[in-house]
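Text of the file protein-v4.txt, holding compact mmCIF, C-alpha atoms:
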```txt
# COMPACT_ATOMS: atom_id res chain seq x y z
CA MET A 1 14.81 43.82 55.99
CA ILE A 2 14.59 42.17 52.57
CA LYS A 3 16.18 38.70 52.50
CA THR A 4 17.53 37.09 49.36
CA ASP A 5 20.36 34.93 48.04
CA ILE A 6 21.86 37.46 45.64
CA CYS A 7 21.51 41.23 45.70
CA ILE A 8 22.06 42.57 42.19
CA VAL A 9 23.05 46.22 41.97
CA GLY A 10 21.79 47.55 38.65
CA ALA A 11 18.70 46.57 36.66
CA GLY A 12 20.21 46.95 33.20
CA PRO A 13 20.27 44.07 30.71
CA VAL A 14 23.18 42.35 32.41
CA GLY A 15 21.65 42.68 35.89
CA LEU A 16 18.39 41.25 34.58
CA PHE A 17 20.09 38.35 32.80
CA ALA A 18 22.01 37.59 35.99
CA VAL A 19 18.61 36.87 37.57
CA PHE A 20 18.08 34.24 34.87
CA GLU A 21 21.43 32.54 35.29
CA ALA A 22 21.02 32.58 39.07
CA GLY A 23 17.46 31.30 38.77
CA LEU A 24 18.55 28.26 36.75
CA LEU A 25 20.64 27.32 39.77
CA LYS A 26 17.78 27.99 42.21
CA MET A 27 19.24 31.16 43.62
CA ARG A 28 16.85 34.00 44.41
CA CYS A 29 17.61 37.59 43.46
CA HIS A 30 16.69 41.07 44.60
CA VAL A 31 17.57 43.85 42.17
CA VAL A 32 18.25 47.49 43.16
CA ASP A 33 18.50 50.41 40.74
CA ALA A 34 18.73 54.17 41.19
CA LEU A 35 16.44 54.66 38.20
CA PRO A 36 12.71 54.27 38.74
CA MET A 37 12.41 51.57 36.05
CA VAL A 38 14.32 48.49 34.90
CA GLY A 39 16.52 48.45 31.79
CA GLY A 40 19.26 50.89 32.78
CA GLN A 41 20.70 52.86 29.86
CA LEU A 42 18.53 50.90 27.44
CA SER A 43 15.36 52.30 29.01
CA GLU A 44 16.68 55.69 30.10
CA ILE A 45 18.83 56.72 27.16
CA TYR A 46 18.08 54.79 24.00
CA PRO A 47 14.89 52.69 24.23
CA LYS A 48 14.11 53.28 20.54
CA LYS A 49 17.58 52.51 19.21
CA PRO A 50 18.07 49.20 17.43
CA ILE A 51 20.81 46.86 18.68
CA TYR A 52 22.37 44.53 16.11
CA ASP A 53 24.80 42.44 18.13
CA ILE A 54 22.58 40.36 20.37
CA PRO A 55 23.05 36.74 19.25
CA GLY A 56 19.90 35.40 17.65
CA PHE A 57 18.37 38.85 17.12
CA PRO A 58 19.33 40.38 13.74
CA GLU A 59 17.86 43.61 15.09
CA VAL A 60 16.13 44.38 18.36
CA LEU A 61 15.04 47.70 19.88
CA ALA A 62 16.73 48.36 23.22
CA GLY A 63 13.33 48.77 24.87
CA ASP A 64 12.14 45.44 23.44
CA LEU A 65 15.26 43.65 24.64
CA VAL A 66 14.47 44.85 28.16
CA LYS A 67 10.86 43.65 27.84
CA ASN A 68 12.05 40.24 26.62
CA LEU A 69 14.52 39.95 29.49
CA GLU A 70 11.77 40.75 31.99
CA GLN A 71 9.68 37.98 30.46
CA GLN A 72 12.63 35.60 30.49
CA ILE A 73 13.31 36.08 34.21
CA ALA A 74 9.66 36.16 35.32
CA PRO A 75 9.62 32.43 36.34
CA PHE A 76 12.30 33.19 38.92
CA HIS A 77 10.20 35.90 40.61
CA PRO A 78 12.92 38.45 41.26
CA THR A 79 12.04 41.31 43.61
CA PHE A 80 13.02 44.93 43.00
CA THR A 81 13.89 48.14 44.82
CA LEU A 82 13.77 50.87 42.17
CA GLY A 83 14.49 54.59 42.46
CA GLU A 84 16.95 54.04 45.31
CA ARG A 85 20.71 54.18 45.03
CA VAL A 86 22.86 51.66 46.89
CA GLU A 87 25.01 53.39 49.49
CA GLU A 88 26.62 50.95 51.86
CA LEU A 89 27.90 47.42 51.97
CA GLU A 90 27.99 45.93 55.46
CA LYS A 91 29.84 42.67 55.90
CA GLN A 92 28.23 40.43 58.52
CA GLU A 93 30.09 38.10 60.87
CA ASP A 94 28.82 34.97 59.11
CA GLY A 95 30.24 36.19 55.77
CA SER A 96 26.91 37.41 54.43
CA PHE A 97 26.13 41.04 53.54
CA VAL A 98 23.62 43.78 54.15
CA VAL A 99 23.28 46.30 51.32
CA ARG A 100 21.74 49.65 52.27
CA THR A 101 20.13 52.14 49.92
CA SER A 102 19.79 55.92 49.90
CA GLU A 103 16.29 55.53 51.37
CA GLY A 104 17.48 53.24 54.14
CA THR A 105 16.18 50.00 52.63
CA GLY A 106 18.25 47.04 53.84
CA ILE A 107 18.84 43.91 51.77
CA ALA A 108 20.37 40.89 53.52
CA CYS A 109 22.09 38.56 51.07
CA LYS A 110 24.87 36.00 50.75
CA VAL A 111 26.26 37.34 47.50
CA VAL A 112 26.39 40.84 45.95
CA VAL A 113 26.58 41.23 42.18
CA ILE A 114 27.41 44.70 40.92
CA ALA A 115 25.98 45.18 37.44
CA GLY A 116 26.01 48.96 37.65
CA GLY A 117 26.83 49.82 34.02
CA LEU A 118 28.13 53.36 33.73
CA GLY A 119 27.52 53.91 37.43
CA SER A 120 25.04 56.41 38.71
CA PHE A 121 24.64 59.80 37.08
CA GLU A 122 25.85 62.59 39.35
CA PRO A 123 25.98 66.35 38.87
CA ARG A 124 29.12 67.67 37.19
CA LYS A 125 30.77 70.20 39.49
CA PRO A 126 32.46 73.28 38.03
CA ALA A 127 35.97 74.15 39.21
CA ILE A 128 35.20 77.01 41.59
CA GLU A 129 37.37 77.45 44.64
CA ASN A 130 35.66 76.69 47.96
CA LEU A 131 32.50 75.57 46.19
CA GLU A 132 32.31 72.41 48.31
CA HIS A 133 32.26 74.48 51.53
CA PHE A 134 28.90 75.90 50.52
CA GLU A 135 27.29 72.67 49.36
CA GLY A 136 23.92 72.50 51.06
CA LYS A 137 24.54 76.01 52.40
CA GLY A 138 23.39 77.91 49.37
CA VAL A 139 24.96 75.78 46.64
CA ASN A 140 22.66 73.13 45.17
CA TYR A 141 23.53 70.94 42.18
CA MET A 142 19.96 69.91 41.57
CA VAL A 143 16.49 71.17 42.25
CA ARG A 144 14.72 68.69 44.47
CA ASP A 145 12.04 70.95 45.91
CA PRO A 146 11.37 74.09 43.84
CA GLU A 147 9.38 75.60 46.74
CA ALA A 148 12.65 75.98 48.68
CA PHE A 149 13.53 78.76 46.23
CA ARG A 150 10.31 80.75 46.53
CA SER A 151 10.98 84.48 47.03
CA LYS A 152 14.75 83.91 47.11
CA ARG A 153 17.54 85.36 45.00
CA LEU A 154 18.96 82.68 42.69
CA VAL A 155 21.92 82.39 40.37
CA ILE A 156 21.74 79.50 37.91
CA ALA A 157 24.97 78.64 36.06
CA GLY A 158 24.96 76.55 32.88
CA GLY A 159 23.70 76.52 29.33
CA GLY A 160 22.29 73.06 28.69
CA ASP A 161 18.75 71.72 28.79
CA SER A 162 18.40 71.54 32.52
CA ALA A 163 19.77 75.06 33.12
CA LEU A 164 17.21 76.45 30.67
CA ASP A 165 14.30 74.37 31.92
CA TRP A 166 14.88 75.29 35.56
CA THR A 167 15.40 78.95 34.69
CA ILE A 168 11.99 78.99 33.04
CA TYR A 169 10.33 77.14 35.89
CA LEU A 170 11.96 78.99 38.78
CA SER A 171 11.53 82.43 37.18
CA GLY A 172 7.92 82.24 38.36
CA LEU A 173 8.90 81.54 41.96
CA ALA A 174 12.13 83.36 42.69
CA LYS A 175 12.40 86.93 43.88
CA GLU A 176 15.33 87.47 41.53
CA LEU A 177 16.88 85.04 39.06
CA THR A 178 20.14 85.40 37.13
CA LEU A 179 21.23 82.88 34.50
CA VAL A 180 24.97 82.82 33.89
CA HIS A 181 26.16 81.17 30.66
CA ARG A 182 29.70 81.16 29.29
CA GLY A 183 28.52 81.17 25.65
CA THR A 184 26.44 83.59 23.63
CA THR A 185 23.84 81.13 22.40
CA PHE A 186 22.05 78.04 23.61
CA ARG A 187 22.50 75.42 20.94
CA GLY A 188 20.85 72.31 22.27
CA ALA A 189 17.26 73.30 22.95
CA PRO A 190 15.97 76.07 20.65
CA GLU A 191 12.47 76.28 22.16
CA SER A 192 13.62 76.65 25.75
CA ALA A 193 16.31 79.07 24.60
CA GLU A 194 13.69 81.29 22.98
CA LYS A 195 11.61 81.33 26.17
CA VAL A 196 14.64 82.29 28.23
CA MET A 197 15.47 85.14 25.84
CA THR A 198 11.89 86.41 26.11
CA LEU A 199 11.99 86.25 29.92
CA ALA A 200 15.20 88.28 29.83
CA GLU A 201 13.71 90.88 27.46
CA GLU A 202 10.66 91.21 29.71
CA GLY A 203 12.99 91.80 32.66
CA LYS A 204 11.74 88.72 34.50
CA ILE A 205 15.24 87.27 34.69
CA LYS A 206 18.74 88.63 34.31
CA LEU A 207 20.71 86.89 31.57
CA LEU A 208 24.51 87.11 31.75
CA LEU A 209 26.18 85.77 28.59
CA LYS A 210 29.92 85.27 28.03
CA SER A 211 30.12 85.02 31.81
CA ASN A 212 31.30 82.55 34.39
CA VAL A 213 30.86 82.19 38.11
CA THR A 214 34.43 82.26 39.42
CA ASN A 215 34.09 82.53 43.16
CA VAL A 216 31.65 82.06 46.02
CA HIS A 217 31.42 84.18 49.14
CA GLY A 218 29.68 83.98 52.47
CA ASN A 219 30.17 83.39 56.13
CA GLY A 220 28.97 79.83 56.66
CA LYS A 221 26.18 80.44 54.19
CA LEU A 222 26.43 81.70 50.63
CA ASN A 223 25.61 85.39 50.18
CA ALA A 224 27.36 86.38 46.94
CA VAL A 225 29.15 85.08 43.87
CA SER A 226 31.86 86.60 41.67
CA ILE A 227 31.08 86.85 37.99
CA ALA A 228 33.82 87.05 35.37
CA VAL A 229 32.81 88.50 32.03
CA GLU A 230 34.80 87.81 28.88
CA ASN A 231 36.96 90.88 28.08
CA ASP A 232 35.42 92.89 30.90
CA THR A 233 35.87 93.46 34.61
CA ASP A 234 34.67 91.01 37.23
CA TYR A 235 31.98 91.94 39.68
CA THR A 236 30.11 90.56 42.65
CA LEU A 237 26.47 89.59 42.69
CA GLU A 238 24.52 89.11 45.91
CA THR A 239 22.44 85.95 46.03
CA ASP A 240 20.87 83.42 48.37
CA TYR A 241 21.52 80.41 46.16
CA LEU A 242 23.87 79.27 43.42
CA ILE A 243 22.56 76.38 41.32
CA PRO A 244 25.32 75.08 39.00
CA LEU A 245 23.61 72.94 36.35
CA PHE A 246 26.37 71.48 34.20
CA GLY A 247 24.76 68.20 33.36
CA LEU A 248 25.33 64.77 34.78
CA VAL A 249 28.37 62.60 34.60
CA PRO A 250 28.36 58.88 35.28
CA LYS A 251 30.33 58.01 38.40
CA LEU A 252 30.79 54.95 40.54
CA GLY A 253 29.39 57.01 43.41
CA PRO A 254 29.19 55.31 46.81
CA LEU A 255 30.65 52.09 45.35
CA GLU A 256 33.99 53.91 45.37
CA ASN A 257 34.05 53.58 49.14
CA TRP A 258 33.35 49.86 49.33
CA GLY A 259 37.02 48.87 49.31
CA LEU A 260 36.86 47.46 45.79
CA GLU A 261 39.97 47.42 43.65
CA LEU A 262 39.39 50.02 40.95
CA GLU A 263 40.98 51.02 37.67
CA LYS A 264 39.80 54.10 35.74
CA ASN A 265 36.30 54.25 37.20
CA ALA A 266 35.78 50.48 36.74
CA ILE A 267 35.96 47.52 39.12
CA LYS A 268 38.78 45.02 38.62
CA VAL A 269 37.67 41.40 38.43
CA ASP A 270 39.13 37.94 38.03
CA THR A 271 37.95 36.54 34.70
CA PHE A 272 37.70 33.06 36.22
CA ASP A 273 34.36 33.99 37.77
CA TYR A 274 34.14 37.82 37.65
CA SER A 275 34.76 38.04 41.38
CA THR A 276 36.16 41.24 42.87
CA ASN A 277 38.80 41.53 45.58
CA ILE A 278 36.01 41.22 48.18
CA PRO A 279 34.97 37.54 48.53
CA GLY A 280 31.25 37.21 47.78
CA VAL A 281 31.12 40.39 45.71
CA TYR A 282 31.10 40.09 41.91
CA ALA A 283 31.09 42.73 39.17
CA ILE A 284 29.69 42.07 35.69
CA GLY A 285 28.90 44.11 32.59
CA ASP A 286 30.16 47.60 31.72
CA ILE A 287 31.20 48.38 35.30
CA ASN A 288 34.02 45.84 35.44
CA THR A 289 37.41 45.78 33.80
CA TYR A 290 39.97 43.10 32.96
CA PRO A 291 42.57 42.63 30.23
CA GLY A 292 40.68 42.49 26.94
CA LYS A 293 37.44 43.85 28.36
CA LEU A 294 34.79 44.76 25.81
CA LYS A 295 31.81 46.80 26.94
CA LEU A 296 29.20 44.77 25.11
CA ILE A 297 25.87 43.48 26.35
CA LEU A 298 26.71 40.01 25.09
CA CYS A 299 29.96 39.96 27.08
CA GLY A 300 27.97 40.97 30.17
CA PHE A 301 25.63 38.01 29.59
CA HIS A 302 28.59 35.65 29.44
CA GLU A 303 30.00 37.16 32.63
CA ALA A 304 26.62 36.64 34.35
CA ALA A 305 26.68 32.92 33.54
CA LEU A 306 30.16 32.39 34.95
CA MET A 307 29.41 34.51 38.00
CA ALA A 308 26.35 32.36 38.78
CA GLN A 309 28.40 29.15 38.84
CA SER A 310 30.81 30.68 41.33
CA ALA A 311 28.07 32.25 43.46
CA TYR A 312 26.41 28.83 43.70
CA ASN A 313 29.40 27.55 45.64
CA ILE A 314 28.90 30.32 48.21
CA ILE A 315 25.15 29.94 48.54
CA TYR A 316 25.08 26.11 48.48
CA PRO A 317 28.54 25.21 49.83
CA ASP A 318 27.62 21.56 50.40
CA LYS A 319 26.17 20.86 46.97
CA LYS A 320 28.22 19.98 43.98
CA PHE A 321 27.45 22.21 41.05
CA VAL A 322 26.20 20.58 37.84
CA LEU A 323 25.85 22.67 34.72
CA LYS A 324 22.26 22.51 33.55
CA TYR A 325 21.17 22.79 29.95
CA THR A 326 17.77 24.38 29.58
CA THR A 327 17.14 22.03 26.63
CA VAL A 328 17.42 19.06 29.01
CA ASN A 329 15.81 20.45 32.13
CA GLY A 330 13.62 23.28 30.91
CA ILE A 331 12.99 26.06 33.37
CA THR A 332 11.95 25.26 36.92
CA GLU A 333 9.94 28.09 38.38
CA LEU A 334 11.08 29.25 41.79
CA ALA A 335 8.24 29.11 44.30
CA MET B 1 48.92 54.56 3.18
CA GLU B 2 45.75 55.30 1.31
CA ASP B 3 43.26 54.73 4.08
CA THR B 4 45.30 56.36 6.81
CA ILE B 5 45.31 59.96 7.97
CA LYS B 6 47.42 61.73 10.55
CA ILE B 7 45.97 63.56 13.49
CA TYR B 8 47.90 65.34 16.22
CA VAL B 9 47.48 65.70 19.96
CA GLU B 10 48.83 68.98 21.30
CA HIS B 11 50.19 68.93 24.83
CA GLU B 12 50.17 71.72 27.40
CA ASP B 13 53.66 72.85 26.33
CA GLY B 14 52.61 73.15 22.70
CA THR B 15 54.40 70.05 21.44
CA ARG B 16 52.41 67.82 19.15
CA GLN B 17 52.28 64.06 18.96
CA GLU B 18 51.30 62.33 15.75
CA VAL B 19 48.66 59.59 15.71
CA GLU B 20 48.07 57.48 12.61
CA ALA B 21 44.40 56.83 12.11
CA PRO B 22 42.67 54.46 9.69
CA THR B 23 39.65 55.92 7.90
CA ASP B 24 38.22 52.62 6.66
CA MET B 25 37.18 51.12 9.99
CA GLY B 26 34.38 53.43 11.06
CA LEU B 27 36.30 54.60 14.11
CA SER B 28 35.86 57.90 15.89
CA VAL B 29 38.65 60.22 17.03
CA MET B 30 37.84 59.15 20.61
CA GLU B 31 38.33 55.49 19.71
CA ILE B 32 41.69 56.02 18.00
CA LEU B 33 42.94 58.20 20.89
CA LYS B 34 41.86 55.57 23.37
CA ALA B 35 43.49 52.83 21.32
CA SER B 36 46.66 54.94 21.29
CA GLU B 37 46.56 54.88 25.10
CA TYR B 38 45.68 58.49 25.70
CA ASP B 39 44.04 59.00 29.05
CA ILE B 40 40.45 59.31 27.90
CA ALA B 41 37.77 57.68 30.03
CA ALA B 42 35.00 57.73 27.36
CA VAL B 43 32.72 56.36 30.02
CA CYS B 44 29.59 56.25 27.86
CA GLY B 45 31.30 54.52 24.95
CA GLY B 46 30.51 57.12 22.30
CA MET B 47 26.93 58.24 22.80
CA ALA B 48 27.66 61.92 23.54
CA LEU B 49 26.49 61.36 27.09
CA CYS B 50 29.41 61.87 29.42
CA ALA B 51 31.80 64.42 27.84
CA THR B 52 34.80 62.51 29.18
CA CYS B 53 36.19 62.57 25.59
CA HIS B 54 35.99 66.38 25.34
CA VAL B 55 38.67 67.91 23.06
CA GLU B 56 39.48 71.39 21.87
CA VAL B 57 40.09 71.57 18.13
CA ILE B 58 43.21 73.66 17.45
CA GLU B 59 43.46 73.16 13.68
CA SER B 60 41.21 71.35 11.26
CA GLY B 61 39.60 71.22 7.88
CA GLU B 62 35.85 70.92 7.69
CA LEU B 63 34.42 69.02 10.64
CA PRO B 64 31.13 67.15 10.81
CA GLU B 65 28.32 69.41 12.05
CA LEU B 66 27.28 69.41 15.68
CA SER B 67 24.27 67.25 16.41
CA ASP B 68 21.70 68.59 18.88
CA ASP B 69 22.88 66.08 21.47
CA GLU B 70 26.51 67.10 21.14
CA ALA B 71 25.69 70.84 21.12
CA ASN B 72 23.59 70.49 24.24
CA MET B 73 26.27 68.48 26.00
CA LEU B 74 28.93 71.07 25.12
CA ASP B 75 26.69 73.92 26.29
CA SER B 76 26.29 72.18 29.60
CA LEU B 77 30.04 71.90 30.23
CA PRO B 78 31.60 74.49 32.54
CA HIS B 79 34.91 74.74 30.66
CA ALA B 80 34.04 74.27 27.01
CA THR B 81 35.04 76.84 24.39
CA SER B 82 33.78 77.59 20.90
CA ALA B 83 36.41 75.14 19.63
CA SER B 84 35.20 72.30 21.84
CA ARG B 85 34.01 68.99 20.43
CA LEU B 86 33.26 65.55 21.77
CA SER B 87 35.85 63.37 20.07
CA CYS B 88 33.42 60.44 20.01
CA GLN B 89 31.29 62.40 17.55
CA LEU B 90 34.16 62.98 15.10
CA ARG B 91 34.26 60.05 12.70
CA LEU B 92 37.68 59.48 11.13
CA ALA B 93 37.52 60.47 7.49
CA PRO B 94 39.96 61.84 4.90
CA ALA B 95 38.67 65.38 5.64
CA LEU B 96 40.07 65.09 9.17
CA ASP B 97 43.66 64.67 7.95
CA GLY B 98 45.90 67.09 9.87
CA LEU B 99 43.45 67.59 12.72
CA VAL B 100 45.07 68.99 15.86
CA VAL B 101 43.31 68.59 19.19
CA ARG B 102 43.98 69.20 22.85
CA LEU B 103 42.50 66.79 25.37
CA LYS B 104 40.14 68.37 27.88
CA PRO B 105 38.82 65.56 29.99
CA GLU B 106 35.85 66.65 32.10
CA ALA B 107 35.39 64.70 35.26
```

Give the structure from the file, written as structure tokens.
Amino acid sequence: MIKTDICIVGAGPVGLFAVFEAGLLKMRCHVVDALPMVGGQLSEIYPKKPIYDIPGFPEVLAGDLVKNLEQQIAPFHPTFTLGERVEELEKQEDGSFVVRTSEGTGIACKVVVIAGGLGSFEPRKPAIENLEHFEGKGVNYMVRDPEAFRSKRLVIAGGGDSALDWTIYLSGLAKELTLVHRGTTFRGAPESAEKVMTLAEEGKIKLLLKSNVTNVHGNGKLNAVSIAVENDTDYTLETDYLIPLFGLVPKLGPLENWGLELEKNAIKVDTFDYSTNIPGVYAIGDINTYPGKLKLILCGFHEAALMAQSAYNIIYPDKKFVLKYTTVNGITELA
Amino acid sequence: MEDTIKIYVEHEDGTRQEVEAPTDMGLSVMEILKASEYDIAAVCGGMALCATCHVEVIESGELPELSDDEANMLDSLPHATSASRLSCQLRLAPALDGLVVRLKPEA
């Protein structure tokens, strides 16, 4: 079990800066993120994009801002669990918490700070009746282990990057592969689209355009899907697997079940200290909401500073908090 | 007003609601719809990442071209049509005057 003062959920800019604000007040932090690296959206989505509204930086690349934040928090020696998603929050009898991840890692802490940004990216599920009954029983929303599909009959549904990429990859493994796309063209990725067209011409895959999967069939396990074709009659296609690949959508995920007060996919907080309705749990950055909320990095930084003051009262209940200016005290490294 | 256009949101029953939109503030259709309290999550804030601002364009003049990112996102949606756009990628401009959209939020 990892032990720390504050468990920060999310290693984006606001999560990282929270380590700094906590560190100034001698509170240790452990940071968890579902992504395998720190930086959140800034690293995953737009590392090369310039940001113009960070005070003191007329222009800074998102990736560089992350690097600078890592340098800024280094004296406080934060620890990290990366590539694991937080799943559960267990309240202990003494008021402290244990946070558990998808891989079973446990983090014991006195305070939890959710800096989860957009949330975690989860597969978008198409509206097909009974689809959920076959999840894990022939319906997979992502390809974790391609070998599982060797010599099987597959139906892939979707027309974006990932549908094309997996069609190309799995065409070499599967016994039979059908790609079902509601459009007539693939607009986002011309190179992959060309490869898929060639595979279809060579008869290595079946390509169904202007088509949709409308139903799933099977007795406990998937064995067929219904295909609806634009302006044509529907038919049934036997298959071992259906892989709907309709991209990812950011969701709160397991945090939804923590008993937090929510509003439109965001966590409600008190702007006094960015605390949630659960004492000891705070939410800062893009994941929270309050009247007047702006989803800006600089607002998240401000929220981190106020959160740290309040968290200090939980972690050091007997000490009186004194605001410290770094110009007066400098930075005291945590041992 | 000179720097204002009118766009319309069409409801399920075919009725249309007018939204006044300024063209001189660099706003997107998503932002003006959100500001007008339409139920649009726009989770990603306008980066063509989440498709929670998905609209179907019913009537319009010339629209800005699809970027690769937007085209790929639309292709990946299960319920998009050839008239689908991400409203965050439509910048309010005089050419958009009279635009009619239907909201198609994708969860």

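In this model, the gap between CA of Leu252 in chain A and CA of Val216 in chain A comes to 27.7 Å.
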
Report task. Please identify every residue of chain B that has at least one atom no more than 6 Å from any atom of chain A, counting all atoms listed in the file, and report them as a PyMOL selection string. Result -> chain B and resi 50+68+71-72+75-78

Query - Point-to-point distance in Å for CA of Ala304 in chain A and CA of Val99 in chain A - result: 19.8 Å

Spatial neighbours of range 5-17 of chain B, max dist 7 Å, all atoms listed in the file, sep filter under 3 positions, as an mmCIF file with C-alpha atoms, in the frame of the given file:
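Output file selection-v8.cif follows:
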```cif
data_model
loop_
_atom_site.group_PDB
_atom_site.id
_atom_site.type_symbol
_atom_site.label_atom_id
_atom_site.label_comp_id
_atom_site.auth_asym_id
_atom_site.auth_seq_id
_atom_site.Cartn_x
_atom_site.Cartn_y
_atom_site.Cartn_z
ATOM 1 C CA GLU B 20 48.070 57.480 12.610
ATOM 2 C CA ALA B 21 44.400 56.830 12.110
ATOM 3 C CA PRO B 22 42.670 54.460 9.690
ATOM 4 C CA THR B 23 39.650 55.920 7.900
ATOM 5 C CA PRO B 94 39.960 61.840 4.900
ATOM 6 C CA ASP B 97 43.660 64.670 7.950
ATOM 7 C CA GLY B 98 45.900 67.090 9.870
ATOM 8 C CA LEU B 99 43.450 67.590 12.720
ATOM 9 C CA VAL B 100 45.070 68.990 15.860
ATOM 10 C CA VAL B 101 43.310 68.590 19.190
ATOM 11 C CA ARG B 102 43.980 69.200 22.850
#
```

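Nearest to Lys324 in chain A of all the residues A:Asp5, A:Glu261, A:Glu21, A:Glu122 is A:Glu21, counting all atoms listed in the file.
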
Query - Atom pair CA of Met27 in chain A / CA of Ile107 in chain A: separation (Å) - result: 15.1 Å

Query raised in the report: Could you pull the residues within 10 Å of His30 in chain A, counting all atoms listed in the file, minus those fewer than 2 positions along the same chain, as a PyMOL selection string?
Result: chain A and resi 2-9+11+19+28+32+77-81+107-109+112

Test item: residues at most 12 Å from Ala51 in chain B, only C-alpha atoms, excluding those fewer than 2 positions along its chain, as a short mmCIF file (atom, residue, chain, number, x, y, z; two decimals) with C-alpha atoms, keeping the file's coordinate frame:
```cif
data_model
loop_
_atom_site.label_atom_id
_atom_site.label_comp_id
_atom_site.auth_asym_id
_atom_site.auth_seq_id
_atom_site.Cartn_x
_atom_site.Cartn_y
_atom_site.Cartn_z
CA ARG A 124 29.12 67.67 37.19
CA PHE A 246 26.37 71.48 34.20
CA GLY A 247 24.76 68.20 33.36
CA LEU A 248 25.33 64.77 34.78
CA VAL A 249 28.37 62.60 34.60
CA PRO A 250 28.36 58.88 35.28
CA MET B 30 37.84 59.15 20.61
CA ILE B 40 40.45 59.31 27.90
CA ALA B 41 37.77 57.68 30.03
CA ALA B 42 35.00 57.73 27.36
CA VAL B 43 32.72 56.36 30.02
CA CYS B 44 29.59 56.25 27.86
CA GLY B 45 31.30 54.52 24.95
CA GLY B 46 30.51 57.12 22.30
CA MET B 47 26.93 58.24 22.80
CA ALA B 48 27.66 61.92 23.54
CA LEU B 49 26.49 61.36 27.09
CA CYS B 53 36.19 62.57 25.59
CA HIS B 54 35.99 66.38 25.34
CA VAL B 55 38.67 67.91 23.06
CA GLU B 56 39.48 71.39 21.87
CA ASP B 69 22.88 66.08 21.47
CA GLU B 70 26.51 67.10 21.14
CA ALA B 71 25.69 70.84 21.12
CA ASN B 72 23.59 70.49 24.24
CA MET B 73 26.27 68.48 26.00
CA LEU B 74 28.93 71.07 25.12
CA ASP B 75 26.69 73.92 26.29
CA SER B 76 26.29 72.18 29.60
CA LEU B 77 30.04 71.90 30.23
CA PRO B 78 31.60 74.49 32.54
CA HIS B 79 34.91 74.74 30.66
CA ALA B 80 34.04 74.27 27.01
CA SER B 84 35.20 72.30 21.84
CA ARG B 85 34.01 68.99 20.43
CA LEU B 86 33.26 65.55 21.77
CA SER B 87 35.85 63.37 20.07
CA CYS B 88 33.42 60.44 20.01
CA GLN B 89 31.29 62.40 17.55
CA LEU B 103 42.50 66.79 25.37
CA LYS B 104 40.14 68.37 27.88
CA PRO B 105 38.82 65.56 29.99
CA GLU B 106 35.85 66.65 32.10
CA ALA B 107 35.39 64.70 35.26
#
```

Query - Surrounding residues of Pro36 in chain A excluding itself and chain neighbours under 2 positions, 7 Å, all atoms listed in the file, as a ChimeraX atom specification - result: /A:34,82-83

Query raised in the report: A:Leu16, A:Val328, A:Ala22, A:Leu173: which is nearest Ala308 in chain A, counting all atoms listed in the file?
Result: A:Ala22

Query - Lys91 in chain A surroundings by all atoms listed in the file, 12 Å radius, close-in-sequence under 3 positions cut, as a list in words - result: Glu88, Asp94, Gly95, Ser96, Phe97, Val98, Val99, Arg100, Ile107, Ala108, Cys109, Lys110, Val111, Val112, Trp258, Gly259, Ile278, Pro279, Gly280 and Val281 of chain A
